[in-house]
Amino acid sequence: MVYGIISAKDNQTSLAYFKSKKVSQGNLVAVDRLRQLVNVLTAGDVVHIVSVDRFPSVNVFVTFAGIVLKTGASMKILDQPYLDIGNGKHYKSSIEEHLKVLVGLESANIN
């Protein structure tokens, strides 16, 4: 299956992007409903996202990316293609370390 993650930031242009990637209207998932998507993701699925800024936090993004890898699905991000994963692609160690730092900073700011 092909899915798209959307948020209030998405407009007609980003919806056209999902249409070009053959994401059906029923497979557009609001970012606040990621749990439902996680429950149905399987190997071979593809999740399209316009930008990581659709996620409510860095931690949510990192957690979701880990789940995508564990299920054997893949994730493609239009604005940040260096964060694409799946189909044998993993994050470089430098990107993983940077994401950990961002999660730590975000956590410190929240607390």
# chains A, B, ... in the order shown; residues from 1 in each chain; ligands from 1
$ residues_around --residues "Gly86 of chain A" --least-positions-apart "4" --cutoff "7 Å" --atoms "only C-alpha atoms" --output "list in words"
Leu69, Gly72, Ala73, Ser74, Met75 and His90 of chain A
$ residues_around --residues "segment 60-64 of chain A" --least-positions-apart "6" --cutoff "9 Å" --atoms "only C-alpha atoms" --output "list in words"
Leu34, Val38, Val52, Leu99, Lys100 and Val103 of chain A
$ select_by_dssp --residues "chain A" --states "strand (DSSP E or B)" --output "count of residues only"
19
$ residues_around --residues "Ile77 of chain A" --least-positions-apart "3" --cutoff "7 Å" --atoms "only C-alpha atoms" --output "PyMOL selection string"
chain A and resi 48-51+80-81+83-84
$ write_last_selection --atoms "all heavy atoms" --output "PDB file, in the first residue's frame"
ATOM      1  N   HIS A  48       4.646   8.364   2.136  1.00  0.00           N
ATOM      2  CA  HIS A  48       5.134   9.629   1.588  1.00  0.00           C
ATOM      3  C   HIS A  48       4.802  10.762   2.549  1.00  0.00           C
ATOM      4  O   HIS A  48       3.720  10.794   3.127  1.00  0.00           O
ATOM      5  CB  HIS A  48       4.492   9.915   0.226  1.00  0.00           C
ATOM      6  CG  HIS A  48       4.965   9.014  -0.852  1.00  0.00           C
ATOM      7  ND1 HIS A  48       6.166   9.189  -1.501  1.00  0.00           N
ATOM      8  CD2 HIS A  48       4.410   7.906  -1.401  1.00  0.00           C
ATOM      9  CE1 HIS A  48       6.320   8.231  -2.405  1.00  0.00           C
ATOM     10  NE2 HIS A  48       5.267   7.435  -2.352  1.00  0.00           N
ATOM     11  N   ILE A  49       5.749  11.687   2.664  1.00  0.00           N
ATOM     12  CA  ILE A  49       5.587  12.854   3.529  1.00  0.00           C
ATOM     13  C   ILE A  49       6.177  14.041   2.774  1.00  0.00           C
ATOM     14  O   ILE A  49       7.210  13.913   2.116  1.00  0.00           O
ATOM     15  CB  ILE A  49       6.335  12.666   4.861  1.00  0.00           C
ATOM     16  CG1 ILE A  49       5.890  11.364   5.533  1.00  0.00           C
ATOM     17  CG2 ILE A  49       6.127  13.847   5.788  1.00  0.00           C
ATOM     18  CD1 ILE A  49       6.882  10.800   6.486  1.00  0.00           C
ATOM     19  N   VAL A  50       5.543  15.198   2.869  1.00  0.00           N
ATOM     20  CA  VAL A  50       6.076  16.385   2.206  1.00  0.00           C
ATOM     21  C   VAL A  50       7.312  16.893   2.956  1.00  0.00           C
ATOM     22  O   VAL A  50       8.332  17.191   2.355  1.00  0.00           O
ATOM     23  CB  VAL A  50       5.006  17.484   2.085  1.00  0.00           C
ATOM     24  CG1 VAL A  50       5.615  18.780   1.577  1.00  0.00           C
ATOM     25  CG2 VAL A  50       3.887  17.021   1.162  1.00  0.00           C
ATOM     26  N   SER A  51       7.231  16.954   4.289  1.00  0.00           N
ATOM     27  CA  SER A  51       8.336  17.472   5.092  1.00  0.00           C
ATOM     28  C   SER A  51       8.243  16.923   6.509  1.00  0.00           C
ATOM     29  O   SER A  51       7.144  16.627   6.982  1.00  0.00           O
ATOM     30  CB  SER A  51       8.276  19.002   5.134  1.00  0.00           C
ATOM     31  OG  SER A  51       9.281  19.511   5.967  1.00  0.00           O
ATOM     32  N   GLN A  80      13.117  16.541   2.430  1.00  0.00           N
ATOM     33  CA  GLN A  80      14.352  16.067   3.063  1.00  0.00           C
ATOM     34  C   GLN A  80      14.668  14.654   2.576  1.00  0.00           C
ATOM     35  O   GLN A  80      14.602  13.694   3.343  1.00  0.00           O
ATOM     36  CB  GLN A  80      14.229  16.067   4.597  1.00  0.00           C
ATOM     37  CG  GLN A  80      14.092  17.434   5.213  1.00  0.00           C
ATOM     38  CD  GLN A  80      12.651  17.888   5.357  1.00  0.00           C
ATOM     39  OE1 GLN A  80      11.706  17.133   5.210  1.00  0.00           O
ATOM     40  NE2 GLN A  80      12.464  19.162   5.627  1.00  0.00           N
ATOM     41  N   PRO A  81      15.042  14.495   1.298  1.00  0.00           N
ATOM     42  CA  PRO A  81      15.287  13.147   0.770  1.00  0.00           C
ATOM     43  C   PRO A  81      16.418  12.403   1.471  1.00  0.00           C
ATOM     44  O   PRO A  81      16.479  11.177   1.440  1.00  0.00           O
ATOM     45  CB  PRO A  81      15.598  13.381  -0.708  1.00  0.00           C
ATOM     46  CG  PRO A  81      15.964  14.818  -0.812  1.00  0.00           C
ATOM     47  CD  PRO A  81      15.256  15.534   0.294  1.00  0.00           C
ATOM     48  N   LEU A  83      16.584  11.916   4.448  1.00  0.00           N
ATOM     49  CA  LEU A  83      15.970  11.185   5.553  1.00  0.00           C
ATOM     50  C   LEU A  83      15.105  10.021   5.071  1.00  0.00           C
ATOM     51  O   LEU A  83      14.430   9.379   5.860  1.00  0.00           O
ATOM     52  CB  LEU A  83      15.133  12.139   6.422  1.00  0.00           C
ATOM     53  CG  LEU A  83      15.928  13.180   7.203  1.00  0.00           C
ATOM     54  CD1 LEU A  83      14.985  14.146   7.917  1.00  0.00           C
ATOM     55  CD2 LEU A  83      16.872  12.525   8.186  1.00  0.00           C
ATOM     56  N   ASP A  84      15.112   9.746   3.759  1.00  0.00           N
ATOM     57  CA  ASP A  84      14.389   8.583   3.235  1.00  0.00           C
ATOM     58  C   ASP A  84      14.980   7.307   3.827  1.00  0.00           C
ATOM     59  O   ASP A  84      16.205   7.201   3.995  1.00  0.00           O
ATOM     60  CB  ASP A  84      14.499   8.502   1.711  1.00  0.00           C
ATOM     61  CG  ASP A  84      13.731   9.590   0.984  1.00  0.00           C
ATOM     62  OD1 ASP A  84      13.007  10.358   1.651  1.00  0.00           O
ATOM     63  OD2 ASP A  84      13.857   9.663  -0.250  1.00  0.00           O
TER      64      ASP A  84
END
$ atom_distance --atom1 "atom CA of Leu78 of chain A" --atom2 "atom CA of Tyr91 of chain A"
16.1 Å
$ closest_residue --among "A:Met1, A:Val58, A:Asp53, A:Ala65" --to "Lys22 of chain A" --atoms "only C-alpha atoms"
A:Met1
$ residues_around --residues "Val2 of chain A" --least-positions-apart "2" --cutoff "7 Å" --atoms "only C-alpha atoms" --output "ChimeraX atom specification"
/A:23,45-47
$ atom_distance --atom1 "atom CA of Ile6 of chain A" --atom2 "atom CA of Asn27 of chain A"
10.2 Å
$ atom_distance --atom1 "atom CA of Gln12 of chain A" --atom2 "atom CA of Val40 of chain A"
26.4 Å
$ select_by_dssp --residues "segment 40-79 of chain A" --states "helix (DSSP H, G or I)" --output "short mmCIF file (atom, residue, chain, number, x, y, z; two decimals) with N, CA and C atoms, in the first residue's frame"
data_model
loop_
_atom_site.label_atom_id
_atom_site.label_comp_id
_atom_site.auth_asym_id
_atom_site.auth_seq_id
_atom_site.Cartn_x
_atom_site.Cartn_y
_atom_site.Cartn_z
N VAL A 40 -1.28 -0.87 10.67
CA VAL A 40 -1.54 -1.54 9.40
C VAL A 40 -0.33 -1.60 8.47
N VAL A 52 9.38 16.84 7.18
CA VAL A 52 9.37 16.37 8.57
C VAL A 52 8.66 17.34 9.49
N ASP A 53 8.44 18.57 9.04
CA ASP A 53 7.74 19.52 9.90
C ASP A 53 6.26 19.18 10.05
N ARG A 54 5.81 18.12 9.40
CA ARG A 54 4.43 17.65 9.58
C ARG A 54 4.28 16.91 10.91
N VAL A 58 10.32 16.03 17.08
CA VAL A 58 11.42 15.23 16.55
C VAL A 58 11.31 13.80 17.09
N ASN A 59 10.94 13.67 18.35
CA ASN A 59 10.81 12.34 18.95
C ASN A 59 9.76 11.50 18.23
N VAL A 60 8.64 12.11 17.89
CA VAL A 60 7.59 11.38 17.16
C VAL A 60 8.12 10.93 15.80
N PHE A 61 8.86 11.81 15.12
CA PHE A 61 9.43 11.45 13.82
C PHE A 61 10.40 10.27 13.95
N VAL A 62 11.32 10.37 14.92
CA VAL A 62 12.33 9.31 15.11
C VAL A 62 11.66 7.99 15.46
N THR A 63 10.67 8.03 16.33
CA THR A 63 9.95 6.81 16.71
C THR A 63 9.24 6.21 15.50
N PHE A 64 8.57 7.04 14.72
CA PHE A 64 7.87 6.56 13.53
C PHE A 64 8.85 5.97 12.51
N ALA A 65 9.98 6.63 12.31
CA ALA A 65 10.99 6.12 11.37
C ALA A 65 11.48 4.74 11.80
N GLY A 66 11.68 4.55 13.09
CA GLY A 66 12.10 3.24 13.59
C GLY A 66 11.07 2.17 13.32
N ILE A 67 9.81 2.51 13.49
CA ILE A 67 8.73 1.55 13.23
C ILE A 67 8.66 1.21 11.74
N VAL A 68 8.84 2.21 10.90
CA VAL A 68 8.84 1.98 9.45
C VAL A 68 9.92 0.96 9.10
N LEU A 69 11.12 1.15 9.64
CA LEU A 69 12.21 0.21 9.36
C LEU A 69 11.91 -1.19 9.87
N LYS A 70 11.36 -1.29 11.08
CA LYS A 70 11.06 -2.60 11.67
C LYS A 70 10.02 -3.36 10.87
N THR A 71 9.06 -2.65 10.29
CA THR A 71 8.01 -3.34 9.54
C THR A 71 8.45 -3.73 8.14
#
$ closest_residue --among "A:Ser57, A:Asn39, A:Asn87, A:Ser14" --to "Ser107 of chain A" --atoms "only C-alpha atoms"
A:Ser57
$ closest_residue --among "A:Ile5, A:Ala43, A:Leu102, A:Ile95" --to "Gly26 of chain A" --atoms "only C-alpha atoms"
A:Ile5
